[in-house]
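S.K.: Structure incoming, see below.
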Amino acid sequence: MRLKQAWSNIVTLGETGRLAGEADRLQDTNTALVGRILEYDKLYERWREDQKWNKVGEDADDLATERQKARAAFAGGDSFVKAATLLMTYFCFGQGIDGPVAGTDENGEPNETVQAALDDFWMAPDNQQTMFSTSAQHRRSNQLQLDGNIFVMLRVSGKQTSVRYIPCGQVTDIITDPTDGSRVLYYKTEQPILQWNNDSLTLDEGKDTKTVFYRDVYNTAPDNDPLNGQIEGVEENTWVQHTPINAIDDGAFGIPEPAAGLSWLALYTKIAENQATVSESTAALMNRLKVQATDPQIDTFKTELEATSQDPNQRLPGAWNVIGPNTQLETARASTGASDARTDARTMLIPGMANWGFPLHFVSDPENANLATATAMERPALERLRGYQSVWIDAYRKMVSFALRVAGLEHEWFDIPMPRILAPDLQQIGGVVRDAYADGLLTQRQASGWLLDFLGFDDVPAELEAIDEETGSPEEGAPAMPEAIEESTW
């Protein structure tokens with residue numbers, strides 16, 4: 001017997017082999033060791049994930065992958081990410097923000113000087129294209145949710161302020177006051193050097209980059225800047241306003257809105273794809289052919305059926321002329337497990353959509369869809385939308401205040417009317433206004449102003465002036481309140 005065969009027999013002879021017991025124990029030990037290694041590997045990966053999220057927001061590199069995943073999901077990877085992002089934008093911006101409105105002067109008249117400065121800033125063509133047109137408002141809102149940050153660049157030329165924005169990926173560091181970590185002083189950016197390519201007639205990014213620093217929008221006093229003169233490459237006459245979402249610490253980067261929900265939505269997608277595969281496979285097996293015959297007859301039938309199935313023009317079951325007294329074609333409706341899959345999918349969708357604060361019926365789930373009407377909304381979702389809208393009110397207020405300060409109109413009052421998240425219930429509001437007017441709590445002019453506002457007129461003061469011109473008096477000749485306010489289809 002050859003040595004190799006003898007050794008194989010010793011190892012594999014079971015209880016009669018001299019080393020069989022040791023080999024079995026060695027195999028069991030090896031299996032247990034592999035299991036422990038895999039378990040520790042999972043624990044290590046979980047620890048790495050926890051460490052990543054413990055440090056998230058402190059370094060721009062930590063968030064680059066999350067931004068890429070969020071953008072990819074919105075662009076076509078996940079319909080729920082797109083639906084939730086657009087819902088947040090459309091509910092909060094609607095048909096767009098018309099622009100800031102100045103307060104009154106010492107005579108109680110609209111401050112025309114301040115209004116002119118506001119219009120010059122808001123309606124400037126470049127500023128409209130970048131930030132303030134309706135389409136730009138929608139783009140910037142989507143960008144804030146998907147990137148977690150908006151870096152607005154405010155360029156000053158004389159008394160004019162131009163608005164641009166810096167791509168989030170170019171900002172690599174946020175530099176705070178050495179003695180106050182909550183006070184941001186500078187933003188460090190790495191910008192590609194663009195070069196014109198005469199061959200392709202395109203503007204291409206070269207391999208080299210340039211480092212540019214920008215002052216924060218509140219870092220306008222050199223005497224109050226402990227790093228003034230110590231940083232090279234600071235862009236002059238340009239300031240940056242940073243608006244983050246989901247930021248925990250002051251001076252940190254924001255976190256993309258889909259970040260907390262993407263893992264759950266990925267599980268939902270996997271379940272849906274698996275269910276689609278199961279349904280397709282089950283559908284292919286629904287038609288079942290039974291044949292009652294002897295073994296030789298079945299073999300003959302099988303041969304003929306196989307020959308027929310090889311012909312691409314004869315593959316349809318209806319083309320098989322085999323139905324006879326001994327054959328029976330029936331439909332076998334096997335369970336696809338769709339009910340269980342739907343339950344599992346909803347289990348994953350609930351935490352995925354909780355990330356945005358939206359219930360499932362906001363994003364195409366049919367259950368309880370009647371709860372989201374034109375005049376009603378669940379309170380948590382409504383407050384979530386109001387909170388997001390307030391982030392943009394604060395961002396616009398900072399931009400406008402900066403522009404007014406540059407124009408020499410610092411500390412002037414203005415308002416930024418935002419679109420209503422919900423359409424008003426005009427029948428209920430009209431009754432309240434009518435009762436308040438009847439009890440003397442509102443003047444006719446005030447009541448008219450409220451009604452015009454709720455009816456959706458953009459320029460209420462202009463409409464009131466038109467009423468005054470027709471009646472000749474801002475108070476006595478104002479139209480009387482109607483007896484009833486019908487619900488509007490507006």
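The way I read the labels, and the way they are meant: chains A, B, ... in the order of the structure tokens, residue 1 as the first residue of every chain, and ligand 1 as the first ligand shown, with later ones counted on from there.
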Residues at most 10 Å from Ala272 (chain A), counting only C-alpha atoms, excluding those fewer than 2 positions away in the same chain, as a PDB file with C-alpha atoms, in the first residue's frame?
M.R.:
ATOM      1  CA  ALA A 266     -31.681  49.578   1.803  1.00  0.00           C
ATOM      2  CA  LEU A 267     -33.176  46.655   3.742  1.00  0.00           C
ATOM      3  CA  TYR A 268     -36.608  47.556   2.393  1.00  0.00           C
ATOM      4  CA  THR A 269     -35.222  47.568  -1.154  1.00  0.00           C
ATOM      5  CA  LYS A 270     -33.658  44.151  -0.617  1.00  0.00           C
ATOM      6  CA  ASN A 274     -36.490  39.369  -3.232  1.00  0.00           C
ATOM      7  CA  GLN A 275     -40.279  39.450  -3.331  1.00  0.00           C
ATOM      8  CA  ALA A 276     -40.211  40.394  -7.007  1.00  0.00           C
ATOM      9  CA  THR A 277     -38.002  37.382  -7.699  1.00  0.00           C
ATOM     10  CA  VAL A 278     -40.279  35.058  -5.734  1.00  0.00           C
ATOM     11  CA  ALA A 338     -46.447  38.591  -0.431  1.00  0.00           C
ATOM     12  CA  ALA A 341     -43.037  40.430   2.615  1.00  0.00           C
ATOM     13  CA  ARG A 342     -45.316  43.465   2.872  1.00  0.00           C
ATOM     14  CA  ASP A 344     -41.424  42.976   6.640  1.00  0.00           C
ATOM     15  CA  ALA A 345     -41.075  45.831   4.164  1.00  0.00           C
TER      16      ALA A 345
END
S.K.: Using only C-alpha atoms, which protein or nucleic acid residues come within 12 Å of Tyr90 (chain A)? Drop anything in the same chain fewer than 4 positions from it, and give the result as a list in words.
M.R.: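 These residues fall inside the cut-off: Lys82, Ala83, Ala84, Thr85, Leu86, Gly94, Gln95, Gly96, Ile97, Thr134, Ser135, Gln137, His138, Arg139, Ser141, Asn142, Leu385, Tyr388, Gln389, Pro419, Arg420, Ile421 and Leu422 of chain A.
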S.K.: How would the residues just chosen look if you wrote them out with N, CA and C atoms as a PDB file, in the first residue's frame?
M.R.:
ATOM      1  N   LYS A  82     -35.914  60.371  -2.467  1.00  0.00           N
ATOM      2  CA  LYS A  82     -36.325  61.459  -3.348  1.00  0.00           C
ATOM      3  C   LYS A  82     -37.668  62.038  -2.917  1.00  0.00           C
ATOM      4  N   ALA A  83     -38.629  61.165  -2.610  1.00  0.00           N
ATOM      5  CA  ALA A  83     -39.967  61.632  -2.237  1.00  0.00           C
ATOM      6  C   ALA A  83     -39.916  62.467  -0.964  1.00  0.00           C
ATOM      7  N   ALA A  84     -39.206  61.988   0.052  1.00  0.00           N
ATOM      8  CA  ALA A  84     -39.149  62.710   1.320  1.00  0.00           C
ATOM      9  C   ALA A  84     -38.420  64.036   1.178  1.00  0.00           C
ATOM     10  N   THR A  85     -37.331  64.049   0.406  1.00  0.00           N
ATOM     11  CA  THR A  85     -36.578  65.289   0.203  1.00  0.00           C
ATOM     12  C   THR A  85     -37.429  66.328  -0.512  1.00  0.00           C
ATOM     13  N   LEU A  86     -38.118  65.917  -1.573  1.00  0.00           N
ATOM     14  CA  LEU A  86     -38.954  66.863  -2.307  1.00  0.00           C
ATOM     15  C   LEU A  86     -40.155  67.311  -1.478  1.00  0.00           C
ATOM     16  N   GLY A  94     -43.126  75.832  -1.362  1.00  0.00           N
ATOM     17  CA  GLY A  94     -44.281  75.994  -2.232  1.00  0.00           C
ATOM     18  C   GLY A  94     -43.899  76.614  -3.559  1.00  0.00           C
ATOM     19  N   GLN A  95     -44.570  77.712  -3.912  1.00  0.00           N
ATOM     20  CA  GLN A  95     -44.291  78.416  -5.162  1.00  0.00           C
ATOM     21  C   GLN A  95     -43.211  79.476  -4.999  1.00  0.00           C
ATOM     22  N   GLY A  96     -42.488  79.422  -3.886  1.00  0.00           N
ATOM     23  CA  GLY A  96     -41.342  80.296  -3.721  1.00  0.00           C
ATOM     24  C   GLY A  96     -41.592  81.455  -2.769  1.00  0.00           C
ATOM     25  N   ILE A  97     -40.502  82.036  -2.285  1.00  0.00           N
ATOM     26  CA  ILE A  97     -40.533  83.202  -1.401  1.00  0.00           C
ATOM     27  C   ILE A  97     -40.381  84.441  -2.270  1.00  0.00           C
ATOM     28  N   THR A 134     -37.377  80.947  -7.530  1.00  0.00           N
ATOM     29  CA  THR A 134     -38.080  79.778  -7.014  1.00  0.00           C
ATOM     30  C   THR A 134     -37.315  78.494  -7.295  1.00  0.00           C
ATOM     31  N   SER A 135     -36.817  78.325  -8.504  1.00  0.00           N
ATOM     32  CA  SER A 135     -36.065  77.106  -8.833  1.00  0.00           C
ATOM     33  C   SER A 135     -34.779  77.021  -8.021  1.00  0.00           C
ATOM     34  N   GLN A 137     -34.332  78.351  -5.018  1.00  0.00           N
ATOM     35  CA  GLN A 137     -34.729  78.015  -3.653  1.00  0.00           C
ATOM     36  C   GLN A 137     -34.933  76.512  -3.505  1.00  0.00           C
ATOM     37  N   HIS A 138     -35.568  75.900  -4.490  1.00  0.00           N
ATOM     38  CA  HIS A 138     -35.777  74.454  -4.431  1.00  0.00           C
ATOM     39  C   HIS A 138     -34.448  73.703  -4.516  1.00  0.00           C
ATOM     40  N   ARG A 139     -33.558  74.145  -5.405  1.00  0.00           N
ATOM     41  CA  ARG A 139     -32.255  73.465  -5.534  1.00  0.00           C
ATOM     42  C   ARG A 139     -31.452  73.563  -4.243  1.00  0.00           C
ATOM     43  N   SER A 141     -32.538  74.029  -1.251  1.00  0.00           N
ATOM     44  CA  SER A 141     -33.165  73.242  -0.186  1.00  0.00           C
ATOM     45  C   SER A 141     -32.810  71.769  -0.335  1.00  0.00           C
ATOM     46  N   ASN A 142     -32.898  71.232  -1.552  1.00  0.00           N
ATOM     47  CA  ASN A 142     -32.505  69.834  -1.777  1.00  0.00           C
ATOM     48  C   ASN A 142     -31.035  69.628  -1.440  1.00  0.00           C
ATOM     49  N   LEU A 385     -41.810  70.146   9.725  1.00  0.00           N
ATOM     50  CA  LEU A 385     -41.707  71.026   8.564  1.00  0.00           C
ATOM     51  C   LEU A 385     -41.504  72.465   8.984  1.00  0.00           C
ATOM     52  N   TYR A 388     -37.886  72.934   9.925  1.00  0.00           N
ATOM     53  CA  TYR A 388     -36.999  73.050   8.762  1.00  0.00           C
ATOM     54  C   TYR A 388     -37.169  74.404   8.089  1.00  0.00           C
ATOM     55  N   GLN A 389     -38.402  74.892   8.008  1.00  0.00           N
ATOM     56  CA  GLN A 389     -38.638  76.199   7.403  1.00  0.00           C
ATOM     57  C   GLN A 389     -37.947  77.304   8.198  1.00  0.00           C
ATOM     58  N   PRO A 419     -44.039  80.935   2.631  1.00  0.00           N
ATOM     59  CA  PRO A 419     -45.291  80.279   2.218  1.00  0.00           C
ATOM     60  C   PRO A 419     -45.876  79.458   3.358  1.00  0.00           C
ATOM     61  N   ARG A 420     -47.188  79.394   3.410  1.00  0.00           N
ATOM     62  CA  ARG A 420     -47.830  78.563   4.428  1.00  0.00           C
ATOM     63  C   ARG A 420     -47.619  77.085   4.104  1.00  0.00           C
ATOM     64  N   ILE A 421     -47.327  76.335   5.126  1.00  0.00           N
ATOM     65  CA  ILE A 421     -47.158  74.903   4.929  1.00  0.00           C
ATOM     66  C   ILE A 421     -48.491  74.250   4.612  1.00  0.00           C
ATOM     67  N   LEU A 422     -49.551  74.729   5.248  1.00  0.00           N
ATOM     68  CA  LEU A 422     -50.890  74.220   5.001  1.00  0.00           C
ATOM     69  C   LEU A 422     -51.777  75.333   4.463  1.00  0.00           C
TER      70      LEU A 422
END
S.K.: Could you check how far CA of Thr172 (chain A) sits from CA of Ser133 (chain A), in Å to one decimal?
M.R.: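 Separation of CA of Thr172 (chain A) and CA of Ser133 (chain A): 28.6 Å.
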S.K.: Could you pull out all residues of region 83-152 of chain A with a DSSP call of helix (DSSP H, G or I) and give them as number ranges by chain?
M.R.: A: 83-93, 112-122, 125-132, 134-147
S.K.: Given the selection you just returned, output its residues as a file containing N, CA and C atoms, formatted as a tab-separated table (two decimals), in the first residue's frame.
M.R.:
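Output file selection_32.tsv is given in full below:
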chain	number	residue	atom	x	y	z
A	83	ALA	N	-38.63	61.16	-2.61
A	83	ALA	CA	-39.97	61.63	-2.24
A	83	ALA	C	-39.92	62.47	-0.96
A	84	ALA	N	-39.21	61.99	0.05
A	84	ALA	CA	-39.15	62.71	1.32
A	84	ALA	C	-38.42	64.04	1.18
A	85	THR	N	-37.33	64.05	0.41
A	85	THR	CA	-36.58	65.29	0.20
A	85	THR	C	-37.43	66.33	-0.51
A	86	LEU	N	-38.12	65.92	-1.57
A	86	LEU	CA	-38.95	66.86	-2.31
A	86	LEU	C	-40.16	67.31	-1.48
A	87	LEU	N	-40.72	66.41	-0.67
A	87	LEU	CA	-41.82	66.81	0.20
A	87	LEU	C	-41.38	67.92	1.15
A	88	MET	N	-40.22	67.75	1.75
A	88	MET	CA	-39.71	68.77	2.67
A	88	MET	C	-39.55	70.10	1.96
A	89	THR	N	-39.01	70.06	0.75
A	89	THR	CA	-38.79	71.29	-0.02
A	89	THR	C	-40.10	71.93	-0.44
A	90	TYR	N	-41.00	71.14	-1.02
A	90	TYR	CA	-42.23	71.72	-1.57
A	90	TYR	C	-43.18	72.20	-0.48
A	91	PHE	N	-43.25	71.49	0.63
A	91	PHE	CA	-44.10	71.95	1.72
A	91	PHE	C	-43.59	73.28	2.28
A	92	CYS	N	-42.27	73.43	2.37
A	92	CYS	CA	-41.71	74.62	3.02
A	92	CYS	C	-41.55	75.81	2.07
A	93	PHE	N	-41.39	75.56	0.77
A	93	PHE	CA	-41.17	76.65	-0.17
A	93	PHE	C	-42.34	76.87	-1.11
A	112	GLU	N	-39.51	103.17	2.15
A	112	GLU	CA	-39.17	102.97	0.74
A	112	GLU	C	-37.67	102.82	0.53
A	113	THR	N	-36.87	103.52	1.34
A	113	THR	CA	-35.41	103.42	1.19
A	113	THR	C	-34.93	102.00	1.48
A	114	VAL	N	-35.42	101.46	2.59
A	114	VAL	CA	-35.03	100.09	2.95
A	114	VAL	C	-35.58	99.10	1.95
A	115	GLN	N	-36.82	99.30	1.50
A	115	GLN	CA	-37.41	98.38	0.54
A	115	GLN	C	-36.65	98.38	-0.77
A	116	ALA	N	-36.18	99.55	-1.19
A	116	ALA	CA	-35.39	99.61	-2.43
A	116	ALA	C	-34.09	98.83	-2.29
A	117	ALA	N	-33.44	98.93	-1.13
A	117	ALA	CA	-32.20	98.18	-0.90
A	117	ALA	C	-32.47	96.68	-0.85
A	118	LEU	N	-33.59	96.31	-0.24
A	118	LEU	CA	-33.95	94.89	-0.19
A	118	LEU	C	-34.21	94.34	-1.59
A	119	ASP	N	-34.93	95.12	-2.40
A	119	ASP	CA	-35.23	94.67	-3.76
A	119	ASP	C	-33.97	94.58	-4.61
A	120	ASP	N	-33.06	95.54	-4.44
A	120	ASP	CA	-31.80	95.50	-5.20
A	120	ASP	C	-31.02	94.24	-4.89
A	121	PHE	N	-31.02	93.84	-3.63
A	121	PHE	CA	-30.27	92.65	-3.24
A	121	PHE	C	-30.98	91.37	-3.68
A	122	TRP	N	-32.28	91.27	-3.39
A	122	TRP	CA	-33.02	90.04	-3.64
A	122	TRP	C	-33.25	89.81	-5.14
A	125	PRO	N	-30.11	89.89	-10.79
A	125	PRO	CA	-30.18	88.68	-11.63
A	125	PRO	C	-29.25	87.56	-11.17
A	126	ASP	N	-28.01	87.90	-10.83
A	126	ASP	CA	-27.08	86.85	-10.38
A	126	ASP	C	-27.53	86.23	-9.07
A	127	ASN	N	-28.03	87.07	-8.16
A	127	ASN	CA	-28.50	86.54	-6.88
A	127	ASN	C	-29.75	85.69	-7.06
A	128	GLN	N	-30.61	86.07	-7.99
A	128	GLN	CA	-31.78	85.26	-8.29
A	128	GLN	C	-31.37	83.89	-8.82
A	129	GLN	N	-30.42	83.89	-9.72
A	129	GLN	CA	-30.00	82.63	-10.32
A	129	GLN	C	-29.37	81.70	-9.29
A	130	THR	N	-28.60	82.26	-8.36
A	130	THR	CA	-27.89	81.44	-7.40
A	130	THR	C	-28.74	81.03	-6.22
A	131	MET	N	-29.59	81.93	-5.71
A	131	MET	CA	-30.20	81.68	-4.42
A	131	MET	C	-31.69	82.00	-4.33
A	132	PHE	N	-32.19	83.05	-4.99
A	132	PHE	CA	-33.48	83.60	-4.61
A	132	PHE	C	-34.63	83.33	-5.58
A	134	THR	N	-37.38	80.95	-7.53
A	134	THR	CA	-38.08	79.78	-7.01
A	134	THR	C	-37.31	78.49	-7.30
A	135	SER	N	-36.82	78.32	-8.50
A	135	SER	CA	-36.07	77.11	-8.83
A	135	SER	C	-34.78	77.02	-8.02
A	136	ALA	N	-34.12	78.18	-7.79
A	136	ALA	CA	-32.91	78.18	-6.99
A	136	ALA	C	-33.22	77.85	-5.53
A	137	GLN	N	-34.33	78.35	-5.02
A	137	GLN	CA	-34.73	78.01	-3.65
A	137	GLN	C	-34.93	76.51	-3.51
A	138	HIS	N	-35.57	75.90	-4.49
A	138	HIS	CA	-35.78	74.45	-4.43
A	138	HIS	C	-34.45	73.70	-4.52
A	139	ARG	N	-33.56	74.14	-5.40
A	139	ARG	CA	-32.25	73.46	-5.53
A	139	ARG	C	-31.45	73.56	-4.24
A	140	ARG	N	-31.39	74.74	-3.66
A	140	ARG	CA	-30.60	74.92	-2.45
A	140	ARG	C	-31.21	74.12	-1.29
A	141	SER	N	-32.54	74.03	-1.25
A	141	SER	CA	-33.17	73.24	-0.19
A	141	SER	C	-32.81	71.77	-0.34
A	142	ASN	N	-32.90	71.23	-1.55
A	142	ASN	CA	-32.51	69.83	-1.78
A	142	ASN	C	-31.04	69.63	-1.44
A	143	GLN	N	-30.22	70.60	-1.81
A	143	GLN	CA	-28.79	70.48	-1.55
A	143	GLN	C	-28.50	70.47	-0.05
A	144	LEU	N	-29.19	71.31	0.71
A	144	LEU	CA	-28.98	71.34	2.15
A	144	LEU	C	-29.33	70.00	2.77
A	145	GLN	N	-30.42	69.39	2.33
A	145	GLN	CA	-30.82	68.11	2.90
A	145	GLN	C	-29.85	66.99	2.53
A	146	LEU	N	-29.36	66.99	1.30
A	146	LEU	CA	-28.51	65.90	0.83
A	146	LEU	C	-27.06	66.06	1.25
A	147	ASP	N	-26.58	67.30	1.36
A	147	ASP	CA	-25.20	67.54	1.78
A	147	ASP	C	-25.09	67.80	3.28
S.K.: Take CA of Val240 (chain A) and CA of Asp173 (chain A) and report the distance between them in Å, one decimal.
M.R.: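 Calculated distance between CA of Val240 (chain A) and CA of Asp173 (chain A) is 13.0 Å.
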S.K.: Once you count only C-alpha atoms, what closest atom pair and distance in Å to one decimal does each residue of region 367-446 of chain A within 10 Å of region 217-228 of chain A have, with rows by chain and rising residue number, as CSV?
M.R.:
residue,atom,partner,partner_atom,distance
A:Lys398,CA,A:Val217,CA,8.4
A:Met399,CA,A:Val217,CA,8.7
A:Phe402,CA,A:Val217,CA,7.7
S.K.: From the options A:Ala64, A:Asp105, A:Val81, A:Ser364, which residue's atoms come nearest to Trp413 (chain A), counting only C-alpha atoms?
M.R.: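 That would be A:Asp105, the residue with the smallest distance to Trp413 (chain A).
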S.K.: Compare A:Pro258, A:Gly229, A:Ala124, A:Thr29 by their minimum atom-to-atom distance to Pro351 (chain A), counting only C-alpha atoms, and give me the closest one.
M.R.: A:Pro258
S.K.: Could you tell me how far CA of Leu404 (chain A) sits from CA of Pro100 (chain A), in Å to one decimal place?
M.R.: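 A separation of 11.5 Å between them.
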S.K.: List the neighbours of region 189-199 of chain A out to 6 Å using only C-alpha atoms; skip same-chain residues closer than 5 positions along the sequence, and give me the result as an mmCIF file with N, CA and C atoms, in the first residue's frame.
M.R.:
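As a result, result37.cif now contains:
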data_model
loop_
_atom_site.group_PDB
_atom_site.id
_atom_site.type_symbol
_atom_site.label_atom_id
_atom_site.label_comp_id
_atom_site.auth_asym_id
_atom_site.auth_seq_id
_atom_site.Cartn_x
_atom_site.Cartn_y
_atom_site.Cartn_z
ATOM 1 N N GLN A 170 -15.722 71.148 -1.260
ATOM 2 C CA GLN A 170 -14.508 71.964 -1.302
ATOM 3 C C GLN A 170 -14.116 72.522 0.063
ATOM 4 N N VAL A 171 -15.049 72.543 1.010
ATOM 5 C CA VAL A 171 -14.748 73.053 2.352
ATOM 6 C C VAL A 171 -14.152 71.914 3.170
ATOM 7 N N THR A 172 -12.907 72.066 3.563
ATOM 8 C CA THR A 172 -12.194 70.986 4.241
ATOM 9 C C THR A 172 -12.033 71.202 5.734
ATOM 10 N N ASP A 204 -11.504 71.979 -17.835
ATOM 11 C CA ASP A 204 -11.181 70.769 -17.091
ATOM 12 C C ASP A 204 -10.494 71.107 -15.779
ATOM 13 N N GLU A 205 -10.667 70.186 -14.814
ATOM 14 C CA GLU A 205 -9.970 70.311 -13.544
ATOM 15 C C GLU A 205 -8.577 69.713 -13.673
ATOM 16 N N GLY A 206 -7.591 70.485 -13.275
ATOM 17 C CA GLY A 206 -6.232 69.973 -13.279
ATOM 18 C C GLY A 206 -5.947 69.157 -12.023
ATOM 19 N N THR A 209 -4.542 71.943 -6.888
ATOM 20 C CA THR A 209 -5.609 72.706 -6.235
ATOM 21 C C THR A 209 -5.004 73.925 -5.560
ATOM 22 N N LYS A 210 -5.855 74.846 -5.202
ATOM 23 C CA LYS A 210 -5.420 76.029 -4.459
ATOM 24 C C LYS A 210 -6.197 76.109 -3.150
ATOM 25 N N THR A 211 -5.516 76.543 -2.102
ATOM 26 C CA THR A 211 -6.120 76.678 -0.786
ATOM 27 C C THR A 211 -6.569 78.119 -0.587
ATOM 28 N N VAL A 212 -7.852 78.294 -0.294
ATOM 29 C CA VAL A 212 -8.408 79.623 -0.089
ATOM 30 C C VAL A 212 -9.159 79.638 1.237
#
S.K.: Would you pick out the contacts of Ile416 (chain A) at 9 Å or less, using only C-alpha atoms, so that residues sharing its chain but fewer than 4 positions from it are not included, and give the list as a PyMOL selection string?
M.R.: chain A and resi 97-102+393+396-397
S.K.: Please provide as a PDB file with N, CA and C atoms, in the first residue's frame all residues within 7 Å of Leu154 (chain A), with the sequence filter that same-chain residues fewer than 6 positions apart are discarded (counting only C-alpha atoms).
M.R.:
ATOM      1  N   THR A 161     -24.016  93.601  -2.683  1.00  0.00           N
ATOM      2  CA  THR A 161     -23.635  92.267  -2.205  1.00  0.00           C
ATOM      3  C   THR A 161     -24.109  91.225  -3.208  1.00  0.00           C
ATOM      4  N   SER A 162     -23.190  90.392  -3.661  1.00  0.00           N
ATOM      5  CA  SER A 162     -23.518  89.302  -4.586  1.00  0.00           C
ATOM      6  C   SER A 162     -23.471  87.981  -3.834  1.00  0.00           C
ATOM      7  N   VAL A 163     -24.380  87.087  -4.184  1.00  0.00           N
ATOM      8  CA  VAL A 163     -24.495  85.803  -3.501  1.00  0.00           C
ATOM      9  C   VAL A 163     -24.022  84.689  -4.427  1.00  0.00           C
ATOM     10  N   ARG A 164     -23.104  83.878  -3.930  1.00  0.00           N
ATOM     11  CA  ARG A 164     -22.677  82.655  -4.596  1.00  0.00           C
ATOM     12  C   ARG A 164     -22.669  81.549  -3.548  1.00  0.00           C
ATOM     13  N   THR A 238     -14.903  89.183   0.793  1.00  0.00           N
ATOM     14  CA  THR A 238     -15.775  88.023   0.642  1.00  0.00           C
ATOM     15  C   THR A 238     -15.939  87.341   1.994  1.00  0.00           C
ATOM     16  N   TRP A 239     -17.186  87.068   2.346  1.00  0.00           N
ATOM     17  CA  TRP A 239     -17.488  86.370   3.594  1.00  0.00           C
ATOM     18  C   TRP A 239     -18.351  85.145   3.288  1.00  0.00           C
ATOM     19  N   VAL A 240     -18.348  84.197   4.195  1.00  0.00           N
ATOM     20  CA  VAL A 240     -19.097  82.955   4.001  1.00  0.00           C
ATOM     21  C   VAL A 240     -20.062  82.756   5.160  1.00  0.00           C
TER      22      VAL A 240
END
S.K.: Ranking A:Trp392, A:Leu349, A:Leu441, A:Asn107 by minimum distance to Val363 (chain A) and counting only C-alpha atoms, which one comes first?
M.R.: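 Selected residue with least distance to Val363 (chain A): A:Leu349.
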